[in-house]
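Structure below is work_11.cif: mmCIF, C-alpha atoms and all ligand atoms.
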```
data_entry
#
loop_
_atom_site.label_atom_id
_atom_site.label_comp_id
_atom_site.auth_asym_id
_atom_site.auth_seq_id
_atom_site.Cartn_x
_atom_site.Cartn_y
_atom_site.Cartn_z
CA MET A 1 -20.23 -5.12 -14.77
CA LYS A 2 -16.95 -5.80 -12.97
CA ARG A 3 -16.71 -8.70 -10.50
CA ILE A 4 -13.71 -8.25 -8.27
CA LEU A 5 -11.67 -10.38 -5.87
CA ILE A 6 -9.42 -8.66 -3.30
CA ASN A 7 -6.65 -10.68 -1.60
CA GLY A 8 -5.33 -9.13 1.62
CA SER A 9 -8.62 -7.24 1.86
CA LEU A 10 -8.51 -6.50 5.58
CA GLY A 11 -5.07 -4.84 5.55
CA GLN A 12 -4.27 -1.11 5.46
CA LEU A 13 -4.72 -0.74 1.70
CA GLY A 14 -7.21 -3.58 1.14
CA SER A 15 -9.75 -2.39 3.69
CA GLU A 16 -10.09 1.03 2.02
CA ILE A 17 -9.93 -0.21 -1.58
CA ALA A 18 -12.67 -2.70 -0.60
CA VAL A 19 -14.94 0.09 0.67
CA ALA A 20 -14.35 2.18 -2.48
CA LEU A 21 -14.92 -0.72 -4.89
CA ARG A 22 -18.04 -1.91 -3.04
CA THR A 23 -19.44 1.61 -3.18
CA ARG A 24 -18.69 1.78 -6.90
CA TYR A 25 -19.76 -1.69 -8.04
CA GLY A 26 -22.00 -3.03 -5.23
CA ALA A 27 -21.06 -5.12 -2.17
CA ASP A 28 -21.91 -8.48 -3.79
CA GLN A 29 -19.69 -7.74 -6.79
CA VAL A 30 -16.58 -7.39 -4.61
CA VAL A 31 -15.44 -10.61 -2.97
CA LEU A 32 -12.91 -10.29 -0.14
CA THR A 33 -10.28 -12.73 1.10
CA ASP A 34 -7.73 -12.46 3.88
CA ILE A 35 -5.63 -14.81 6.00
CA ARG A 36 -7.30 -13.43 9.13
CA ASP A 37 -10.90 -12.68 10.05
CA ASP A 38 -10.57 -10.98 13.42
CA ILE A 39 -10.48 -7.33 12.25
CA ASN A 40 -12.76 -5.05 10.19
CA THR A 41 -15.86 -7.10 11.03
CA GLU A 42 -18.10 -4.61 9.22
CA LEU A 43 -16.38 -5.35 5.90
CA ILE A 44 -16.63 -9.09 6.49
CA GLU A 45 -20.35 -8.87 7.18
CA GLN A 46 -21.23 -6.43 4.41
CA GLY A 47 -20.57 -8.81 1.47
CA PRO A 48 -18.84 -12.04 0.42
CA PHE A 49 -15.70 -12.82 2.47
CA TYR A 50 -13.49 -15.93 2.63
CA LYS A 51 -10.68 -16.68 5.07
CA VAL A 52 -8.00 -17.95 2.67
CA ASP A 53 -4.22 -18.03 2.52
CA CYS A 54 -3.25 -16.18 -0.68
CA ARG A 55 -0.90 -19.05 -1.59
CA ASP A 56 -3.85 -21.50 -1.79
CA GLY A 57 -4.43 -21.48 -5.56
CA LYS A 58 -7.00 -24.27 -5.49
CA ARG A 59 -9.31 -22.43 -3.09
CA LEU A 60 -8.83 -19.12 -4.88
CA SER A 61 -9.68 -20.73 -8.23
CA GLU A 62 -12.89 -22.13 -6.75
CA ILE A 63 -13.87 -18.70 -5.43
CA VAL A 64 -13.02 -17.00 -8.74
CA ASN A 65 -15.16 -19.48 -10.65
CA GLU A 66 -18.05 -19.44 -8.16
CA HIS A 67 -18.31 -15.63 -8.33
CA SER A 68 -17.36 -15.24 -12.04
CA ILE A 69 -14.52 -12.90 -11.04
CA ASP A 70 -12.91 -10.84 -13.84
CA THR A 71 -10.48 -8.65 -11.85
CA ILE A 72 -8.13 -9.56 -8.98
CA TYR A 73 -6.62 -6.95 -6.65
CA HIS A 74 -3.70 -8.83 -5.10
CA LEU A 75 -2.76 -6.80 -2.00
CA ALA A 76 -1.48 -9.50 0.36
CA ALA A 77 2.18 -8.95 1.25
CA LEU A 78 4.63 -8.59 4.12
CA LEU A 79 6.00 -5.03 4.43
CA SER A 80 9.66 -4.05 4.54
CA ALA A 81 10.69 -4.23 8.23
CA THR A 82 8.79 -7.49 8.81
CA SER A 83 10.34 -8.92 5.65
CA GLU A 84 13.82 -8.11 7.00
CA ARG A 85 13.02 -10.03 10.19
CA ASP A 86 11.91 -13.14 8.27
CA PRO A 87 13.25 -13.02 4.69
CA LEU A 88 12.21 -16.59 3.82
CA LEU A 89 8.62 -15.98 4.87
CA ALA A 90 8.64 -12.69 2.95
CA TRP A 91 9.82 -14.46 -0.18
CA ASP A 92 7.19 -17.16 0.29
CA ILE A 93 4.23 -14.84 0.88
CA ASN A 94 5.20 -12.03 -1.48
CA MET A 95 6.36 -14.19 -4.41
CA ASN A 96 4.25 -17.33 -4.12
CA GLY A 97 1.18 -15.26 -3.22
CA LEU A 98 1.61 -13.16 -6.36
CA MET A 99 2.45 -16.16 -8.56
CA THR A 100 -0.72 -17.89 -7.30
CA ALA A 101 -2.85 -14.83 -8.14
CA LEU A 102 -1.29 -14.60 -11.60
CA GLU A 103 -1.86 -18.31 -12.29
CA VAL A 104 -5.50 -18.07 -11.20
CA ALA A 105 -5.84 -14.99 -13.42
CA ARG A 106 -4.28 -16.78 -16.39
CA GLU A 107 -6.60 -19.78 -16.01
CA SER A 108 -9.74 -17.68 -15.57
CA SER A 109 -8.87 -14.69 -17.82
CA CYS A 110 -8.86 -12.10 -15.03
CA ALA A 111 -7.11 -8.73 -14.97
CA VAL A 112 -4.69 -8.26 -12.04
CA PHE A 113 -3.71 -5.19 -9.99
CA THR A 114 -0.59 -5.58 -7.82
CA PRO A 115 1.19 -2.83 -5.93
CA SER A 116 4.92 -2.45 -6.18
CA SER A 117 6.69 0.10 -3.98
CA ILE A 118 9.39 2.71 -3.49
CA GLY A 119 11.05 -0.34 -1.89
CA SER A 120 11.81 -1.64 -5.38
CA PHE A 121 14.60 0.97 -5.58
CA GLY A 122 17.99 0.74 -3.89
CA PRO A 123 21.06 2.75 -2.92
CA THR A 124 22.33 3.01 -6.51
CA THR A 125 19.02 4.46 -7.77
CA PRO A 126 19.04 8.26 -8.35
CA LYS A 127 17.72 9.60 -5.03
CA ASP A 128 15.88 12.75 -6.04
CA PHE A 129 13.07 12.90 -8.56
CA THR A 130 13.66 9.18 -9.24
CA PRO A 131 12.67 8.45 -12.86
CA GLN A 132 10.15 5.83 -13.95
CA ASP A 133 12.77 3.71 -15.75
CA THR A 134 16.00 3.58 -13.79
CA VAL A 135 18.41 1.40 -11.78
CA GLN A 136 16.57 -1.06 -9.47
CA ARG A 137 19.02 -2.92 -7.22
CA PRO A 138 17.21 -2.99 -3.85
CA THR A 139 19.07 -4.27 -0.78
CA SER A 140 16.04 -5.34 1.31
CA MET A 141 14.20 -8.64 0.87
CA TYR A 142 10.96 -6.67 0.52
CA GLY A 143 12.48 -4.71 -2.36
CA ILE A 144 13.79 -7.85 -4.03
CA THR A 145 10.29 -9.36 -3.97
CA LYS A 146 8.84 -6.12 -5.34
CA VAL A 147 11.23 -5.94 -8.34
CA ALA A 148 10.71 -9.65 -9.02
CA GLY A 149 6.95 -9.05 -8.78
CA GLU A 150 7.11 -6.20 -11.30
CA LEU A 151 8.98 -8.46 -13.74
CA LEU A 152 6.62 -11.38 -13.13
CA CYS A 153 3.61 -9.19 -13.91
CA ASP A 154 5.30 -7.99 -17.13
CA TYR A 155 6.02 -11.62 -18.00
CA TYR A 156 2.40 -12.76 -17.49
CA HIS A 157 1.30 -9.93 -19.74
CA HIS A 158 3.65 -10.52 -22.67
CA ARG A 159 3.75 -14.31 -22.37
CA TYR A 160 0.10 -15.10 -21.52
CA ASP A 161 -1.68 -11.82 -22.34
CA VAL A 162 -2.90 -11.43 -18.74
CA ASP A 163 -4.06 -7.83 -18.23
CA THR A 164 -1.63 -7.00 -15.41
CA ARG A 165 -1.36 -3.43 -14.09
CA GLY A 166 0.22 -1.79 -11.06
CA VAL A 167 1.77 1.20 -9.36
CA ARG A 168 4.83 1.77 -7.16
CA TYR A 169 3.26 3.13 -3.98
CA PRO A 170 5.15 5.36 -1.58
CA GLY A 171 4.39 5.19 2.17
CA ILE A 172 0.61 5.32 2.60
CA ILE A 173 -0.99 7.30 5.41
CA SER A 174 -4.48 6.42 6.59
CA SER A 175 -6.78 6.30 9.60
CA MET A 176 -9.03 3.27 9.04
CA THR A 177 -6.64 0.29 9.38
CA PRO A 178 -3.07 0.73 10.67
CA PRO A 179 -0.21 -0.59 8.53
CA GLY A 180 2.05 -3.23 10.09
CA GLY A 181 5.79 -3.80 9.78
CA GLY A 182 6.56 -1.07 7.23
CA THR A 183 9.44 1.42 7.28
CA THR A 184 6.99 4.25 6.59
CA ASP A 185 4.57 3.27 9.43
CA TYR A 186 6.01 6.12 11.53
CA ALA A 187 4.22 8.66 9.31
CA VAL A 188 0.87 7.14 10.37
CA GLU A 189 1.75 6.46 14.02
CA ILE A 190 2.84 10.07 14.54
CA TYR A 191 -0.74 11.33 13.99
CA TYR A 192 -2.22 8.83 16.45
CA ALA A 193 0.43 9.87 18.98
CA ALA A 194 -0.28 13.56 18.37
CA VAL A 195 -3.96 13.28 19.27
CA THR A 196 -3.41 10.96 22.25
CA SER A 197 -0.14 11.66 24.09
CA LYS A 198 1.06 14.79 22.17
CA SER A 199 4.48 13.17 21.84
CA TYR A 200 6.05 10.60 19.54
CA GLU A 201 9.25 8.58 19.59
CA CYS A 202 10.30 8.28 15.95
CA PRO A 203 12.24 5.25 14.62
CA LEU A 204 13.74 7.26 11.72
CA ALA A 205 16.10 10.24 11.89
CA GLY A 206 14.38 13.63 11.64
CA ASN A 207 15.86 14.50 8.24
CA THR A 208 14.94 11.21 6.48
CA TYR A 209 13.01 12.17 3.34
CA LEU A 210 10.62 9.61 1.84
CA ASP A 211 7.73 9.75 -0.60
CA MET A 212 4.28 9.53 0.94
CA MET A 213 0.62 9.53 -0.13
CA TYR A 214 -2.73 9.94 1.63
CA MET A 215 -5.06 6.95 1.36
CA PRO A 216 -7.80 8.58 -0.79
CA ASP A 217 -5.18 9.18 -3.50
CA ALA A 218 -3.80 5.63 -3.16
CA VAL A 219 -7.31 4.22 -3.60
CA SER A 220 -8.01 6.44 -6.57
CA ALA A 221 -4.73 5.34 -8.24
CA ALA A 222 -5.69 1.66 -7.88
CA ILE A 223 -9.14 2.19 -9.36
CA ARG A 224 -8.11 4.61 -12.13
CA ILE A 225 -5.32 2.46 -13.49
CA MET A 226 -7.63 -0.58 -13.70
CA GLU A 227 -10.19 1.51 -15.60
CA ALA A 228 -7.62 3.08 -17.94
CA ASP A 229 -7.61 2.45 -21.69
CA PRO A 230 -5.12 -0.44 -22.14
CA ASP A 231 -3.96 0.99 -25.48
CA ALA A 232 -2.67 4.10 -23.70
CA LEU A 233 -0.50 2.10 -21.29
CA ARG A 234 3.14 1.89 -22.33
CA HIS A 235 4.48 0.82 -18.91
CA ARG A 236 1.48 -1.14 -17.60
CA ASN A 237 3.05 -2.45 -14.33
CA ALA A 238 4.88 -0.51 -11.67
CA PHE A 239 4.05 3.12 -12.48
CA ASN A 240 5.77 5.58 -10.14
CA VAL A 241 3.07 7.52 -8.26
CA THR A 242 3.56 10.07 -5.53
CA SER A 243 1.96 13.11 -3.97
CA MET A 244 4.46 14.44 -1.40
CA SER A 245 7.93 13.95 0.02
CA PHE A 246 8.72 14.94 3.61
CA CYS A 247 10.86 14.07 6.64
CA PRO A 248 9.70 13.54 10.26
CA GLU A 249 10.73 17.08 11.31
CA GLU A 250 8.57 18.63 8.56
CA GLN A 251 5.61 16.42 9.41
CA ALA A 252 5.94 17.38 13.09
CA ALA A 253 5.96 21.08 12.12
CA TYR A 254 2.59 20.66 10.33
CA ILE A 255 1.21 18.70 13.28
CA ARG A 256 2.17 21.63 15.57
CA ASN A 257 -0.33 23.79 13.64
CA HIS A 258 -2.97 21.64 15.38
CA VAL A 259 -1.11 20.45 18.51
CA PRO A 260 1.26 23.33 19.37
CA ASP A 261 3.07 21.50 22.20
CA PHE A 262 3.66 18.30 20.18
CA GLN A 263 7.04 16.75 21.06
CA LEU A 264 9.10 14.66 18.64
CA THR A 265 11.88 12.49 20.07
CA TYR A 266 13.95 9.75 18.47
CA ALA A 267 14.77 6.08 19.14
CA ILE A 268 16.33 5.10 15.82
CA ASP A 269 15.50 1.59 14.61
CA PRO A 270 18.67 0.56 12.73
CA VAL A 271 16.81 -1.86 10.43
CA LYS A 272 14.20 0.71 9.42
CA GLN A 273 16.78 3.50 9.09
CA ALA A 274 18.97 1.37 6.79
CA ILE A 275 15.96 0.54 4.63
CA ALA A 276 14.82 4.18 4.49
CA ASP A 277 18.34 5.35 3.60
CA SER A 278 18.39 2.96 0.65
CA TRP A 279 15.11 4.33 -0.78
CA PRO A 280 14.61 7.47 -2.89
CA ASN A 281 13.89 10.86 -1.31
CA SER A 282 11.28 11.68 -3.95
CA LEU A 283 9.85 10.12 -7.12
CA GLU A 284 8.99 11.54 -10.53
CA ASP A 285 5.62 10.23 -11.81
CA TYR A 286 5.28 11.77 -15.25
CA ALA A 287 4.49 8.44 -17.01
CA ALA A 288 1.46 7.85 -14.76
CA GLN A 289 0.25 11.41 -15.42
CA VAL A 290 0.52 11.05 -19.19
CA GLU A 291 -0.55 7.42 -19.65
CA TRP A 292 -3.60 7.27 -17.36
CA GLY A 293 -4.16 10.74 -15.97
CA TRP A 294 -2.71 10.29 -12.46
CA LYS A 295 -3.17 13.38 -10.28
CA PRO A 296 -3.06 13.42 -6.47
CA THR A 297 -5.32 15.69 -4.45
CA TYR A 298 -3.65 15.83 -1.02
CA ASP A 299 -0.42 17.48 0.13
CA LEU A 300 1.20 17.41 3.59
CA ALA A 301 -0.90 20.32 4.87
CA SER A 302 -4.32 19.03 3.72
CA MET A 303 -3.50 15.44 4.74
CA THR A 304 -2.45 16.58 8.23
CA ASP A 305 -5.66 18.62 8.62
CA ASP A 306 -7.76 15.61 7.62
CA MET A 307 -5.89 13.03 9.73
CA ILE A 308 -5.97 15.15 12.89
CA ARG A 309 -9.67 15.99 12.41
CA THR A 310 -10.60 12.35 11.76
CA LEU A 311 -8.62 10.98 14.71
CA ARG A 312 -9.95 13.69 17.06
CA GLU A 313 -13.51 12.83 16.04
CA ARG A 314 -12.81 9.18 16.71
CA LYS A 315 -11.33 10.00 20.10
CA ALA A 316 -14.35 12.15 20.98
CA ASN A 317 -16.63 9.23 20.10
CA GLY A 318 -14.70 6.94 22.43
CA LEU A 319 -13.23 4.72 19.73
CA PRO A 320 -9.83 3.14 20.49
CA LEU A 321 -6.77 5.05 19.34
CA ASN A 322 -3.81 3.66 21.26
CA TRP A 323 -2.48 1.71 18.34
CA GLN A 324 1.23 2.32 18.96
CA ALA A 325 0.95 1.14 22.57
CA GLU A 326 -1.03 -1.94 21.51
CA LYS A 327 1.52 -2.78 18.85
CA ARG A 328 4.44 -2.48 21.28
CA LYS A 329 2.62 -4.76 23.75
CA ALA A 330 2.14 -7.31 20.99
CA GLU A 331 5.82 -7.15 19.97
N1 LIG A 401 5.12 1.29 3.16
C1 LIG A 401 5.99 0.25 2.73
C2 LIG A 401 6.96 -0.12 3.78
O1 LIG A 401 7.36 0.75 4.52
C3 LIG A 401 6.74 0.66 1.50
O2 LIG A 401 6.07 0.25 0.38
O3 LIG A 401 7.36 -1.24 3.86
#
```

Rendering of file as structure tokens:
Amino acid sequence: MKRILINGSLGQLGSEIAVALRTRYGADQVVLTDIRDDINTELIEQGPFYKVDCRDGKRLSEIVNEHSIDTIYHLAALLSATSERDPLLAWDINMNGLMTALEVARESSCAVFTPSSIGSFGPTTPKDFTPQDTVQRPTSMYGITKVAGELLCDYYHHRYDVDTRGVRYPGIISSMTPPGGGTTDYAVEIYYAAVTSKSYECPLAGNTYLDMMYMPDAVSAAIRIMEADPDALRHRNAFNVTSMSFCPEEQAAYIRNHVPDFQLTYAIDPVKQAIADSWPNSLEDYAAQVEWGWKPTYDLASMTDDMIRTLRERKANGLPLNWQAEKRKAE
């Protein structure tokens, strides 16, 4: 029986991986940590939760030992636009957080899942159908921490035999917990805007292509790779995975199938645009398909149907939806 620890468990990715893993293995088998405890109260109450900074190795070691943890999902990180605003903090959280998780895993013989990102590529990477093994010279601090993280995970595997595994996620779209501070956040915000105000002011130019994935596929990638036969893994860390590539104009066109008078306008954020322009338009994920059977289920059409339906249901039930407005107020 697996006993799992999730760092960053209340974030966009963590909150949904936590639900899936608790459903699969039982709530008590999946221990959650996060630096905050003021969101996703249901998750906190449903099973073990600790408010911990992911750089606190001593506390994490105690929790790992107390719960006999054998697998760590390390999901705590600053995203790309936030990292550009505070590069030193990004380095500290993204690198020291990961190093702490790897050290705890080495001491307690745990397997580790860590996400890398399309952010690990840079302007000199081939832009279309980006191969698994290629040039990685990112220009953002987020990307630098992601490449260093990929290498660190490889190192802990070959040097200490820690069972490290991971994928390079594209932008992830979901409706449970909003992302924060990412370049690809627009692709989530646009759906919330569509069902509330029927208009959206986009921070990226309309023809900016980026890889994207719907949350159910992102969750399934994280679980499948950790359950894969280790002998079949040639790459191990940082597998390219993708399910779709689109630009804001294309996404808006699919939204108009549900909200015909949806308006898309632009207020380009120069930091986000520069980051997006340095990332690939689309990835090739053949290695993940062959080595552990990766296969996405959603495309832009089916994801848009599901997001709009889910958000409309939530609106009809009176649940809050004005995330973009709230975020702007907070900024
Ligand atoms: N979604 C992330 C970001 O935009 C990329 O991995 O920062």

Residues near Asp261 (chain A), cut-off 9 Å, all atoms listed in the file, skip fewer than 2 positions along chain, as a ChimeraX atom specification: /A:198-199,256,259,263

Proximity check chain A to ligand LIG 401 (chain A), 8 Å, nearest pairs one decimal Å, all atoms listed in the file, as JSON lines:
```
{"residue": "A:Leu78", "atom": "CA", "partner": "A:LIG401", "partner_atom": "O3", "distance": 7.8}
{"residue": "A:Leu79", "atom": "CA", "partner": "A:LIG401", "partner_atom": "O3", "distance": 4.1}
{"residue": "A:Ser80", "atom": "CA", "partner": "A:LIG401", "partner_atom": "O3", "distance": 3.7}
{"residue": "A:Ala81", "atom": "CA", "partner": "A:LIG401", "partner_atom": "O3", "distance": 6.3}
{"residue": "A:Ser116", "atom": "CA", "partner": "A:LIG401", "partner_atom": "O2", "distance": 7.2}
{"residue": "A:Ser117", "atom": "CA", "partner": "A:LIG401", "partner_atom": "O2", "distance": 4.4}
{"residue": "A:Ile118", "atom": "CA", "partner": "A:LIG401", "partner_atom": "O2", "distance": 5.7}
{"residue": "A:Gly119", "atom": "CA", "partner": "A:LIG401", "partner_atom": "O2", "distance": 5.5}
{"residue": "A:Tyr142", "atom": "CA", "partner": "A:LIG401", "partner_atom": "O3", "distance": 7.3}
{"residue": "A:Arg168", "atom": "CA", "partner": "A:LIG401", "partner_atom": "O2", "distance": 7.8}
{"residue": "A:Tyr169", "atom": "CA", "partner": "A:LIG401", "partner_atom": "O2", "distance": 5.9}
{"residue": "A:Pro170", "atom": "CA", "partner": "A:LIG401", "partner_atom": "O2", "distance": 5.5}
{"residue": "A:Gly171", "atom": "CA", "partner": "A:LIG401", "partner_atom": "N1", "distance": 4.1}
{"residue": "A:Ile172", "atom": "CA", "partner": "A:LIG401", "partner_atom": "N1", "distance": 6.1}
{"residue": "A:Pro179", "atom": "CA", "partner": "A:LIG401", "partner_atom": "N1", "distance": 7.8}
{"residue": "A:Gly181", "atom": "CA", "partner": "A:LIG401", "partner_atom": "O3", "distance": 6.6}
{"residue": "A:Gly182", "atom": "CA", "partner": "A:LIG401", "partner_atom": "O1", "distance": 3.4}
{"residue": "A:Thr183", "atom": "CA", "partner": "A:LIG401", "partner_atom": "O1", "distance": 3.5}
{"residue": "A:Thr184", "atom": "CA", "partner": "A:LIG401", "partner_atom": "O1", "distance": 4.1}
{"residue": "A:Asp185", "atom": "CA", "partner": "A:LIG401", "partner_atom": "O1", "distance": 6.2}
```

Nearest to Glu250 (chain A): which of A:Gly97, A:Pro230, A:Gly206, A:Gly180 is it, counting all atoms listed in the file?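 Smallest separation from Glu250 (chain A) among the options: A:Gly206.
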
Would you mind telling me which residue in A:Arg234, A:His157, A:Lys272, A:Arg22 lies nearest to Gln46 (chain A) when using only C-alpha atoms?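 Going through A:Arg234, A:His157, A:Lys272, A:Arg22 one by one, the smallest distance to Gln46 (chain A) is for A:Arg22.
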
Can you pull out every residue within 6 Å of Val112 (chain A), counting only C-alpha atoms, but drop anything in the same chain fewer than 3 positions away, and send it as an MDAnalysis selection string? chainID A and resid 71:73 164

At most 9 Å is the cut-off: for each residue in region 284-316 of chain A with any atom that close to an atom of region 122-132 of chain A, write down the nearest atom pair and the distance in Å rounded to one decimal, counting all atoms listed in the file, chain first then increasing number, as CSV.
```
residue,atom,partner,partner_atom,distance
A:Glu284,CA,A:Phe129,CA,4.7
A:Asp285,CA,A:Gln132,CA,6.7
A:Tyr286,CA,A:Gln132,CA,7.8
A:Ala287,CA,A:Gln132,CA,6.9
A:Ala288,CA,A:Gln132,CA,9.0
```

Once you have the residues from the selection above, write them out as a PDB file, keeping the file's coordinate frame, restricted to C-alpha atoms.
```pdb
ATOM      1  CA  GLU A 284       8.990  11.540 -10.530  1.00  0.00           C
ATOM      2  CA  ASP A 285       5.620  10.230 -11.810  1.00  0.00           C
ATOM      3  CA  TYR A 286       5.280  11.770 -15.250  1.00  0.00           C
ATOM      4  CA  ALA A 287       4.490   8.440 -17.010  1.00  0.00           C
ATOM      5  CA  ALA A 288       1.460   7.850 -14.760  1.00  0.00           C
TER       6      ALA A 288
END
```

Do a neighbour search on Gly47 (chain A) at 10 Å with only C-alpha atoms, toss out local chain neighbours closer than 3 positions, and write the hits as an NGL selection string. :A and (22 or 26-32 or 42-44)

For region 98-101 of chain A, please output as number ranges by chain all residues within 7 Å (counting all atoms listed in the file; exclusion window: fewer than 2 positions along the same chain). A: 55, 57, 74, 94-96, 103-105

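Excluding Glu249 (chain A) itself and any same-chain residue fewer than 4 positions from it, the protein and nucleic acid residues within 12 Å of it, counting all atoms listed in the file, are Tyr186, Ala187, Ile190, Tyr200, Glu201, Cys202, Leu204, Ala205, Gly206, Asn207, Thr208, Tyr209, Ala253, Tyr254, Ile255, Arg256, Phe262, Gln263, Leu264, Thr265 and Tyr266 of chain A.
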
I need the chosen residues saved as a compact mmCIF listing (two decimals), in the frame of the given file, with C-alpha atoms.
```
# COMPACT_ATOMS: atom_id res chain seq x y z
CA TYR A 186 6.01 6.12 11.53
CA ALA A 187 4.22 8.66 9.31
CA ILE A 190 2.84 10.07 14.54
CA TYR A 200 6.05 10.60 19.54
CA GLU A 201 9.25 8.58 19.59
CA CYS A 202 10.30 8.28 15.95
CA LEU A 204 13.74 7.26 11.72
CA ALA A 205 16.10 10.24 11.89
CA GLY A 206 14.38 13.63 11.64
CA ASN A 207 15.86 14.50 8.24
CA THR A 208 14.94 11.21 6.48
CA TYR A 209 13.01 12.17 3.34
CA ALA A 253 5.96 21.08 12.12
CA TYR A 254 2.59 20.66 10.33
CA ILE A 255 1.21 18.70 13.28
CA ARG A 256 2.17 21.63 15.57
CA PHE A 262 3.66 18.30 20.18
CA GLN A 263 7.04 16.75 21.06
CA LEU A 264 9.10 14.66 18.64
CA THR A 265 11.88 12.49 20.07
CA TYR A 266 13.95 9.75 18.47
```

What is the CA of Ile17 (chain A)-CA of Pro115 (chain A) distance in Å, reported with one decimal?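 About the pair CA of Ile17 (chain A) and CA of Pro115 (chain A): they are 12.2 Å apart.
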
For CA of Ala111 (chain A) and CA of Asp163 (chain A), quote the distance in Å rounded to one decimal. 4.6 Å

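If all atoms listed in the file are the atoms counted, then among A:Ile308, A:Ile69, A:Ala76, A:Val64 the closest residue to Gly8 (chain A) is A:Ala76.
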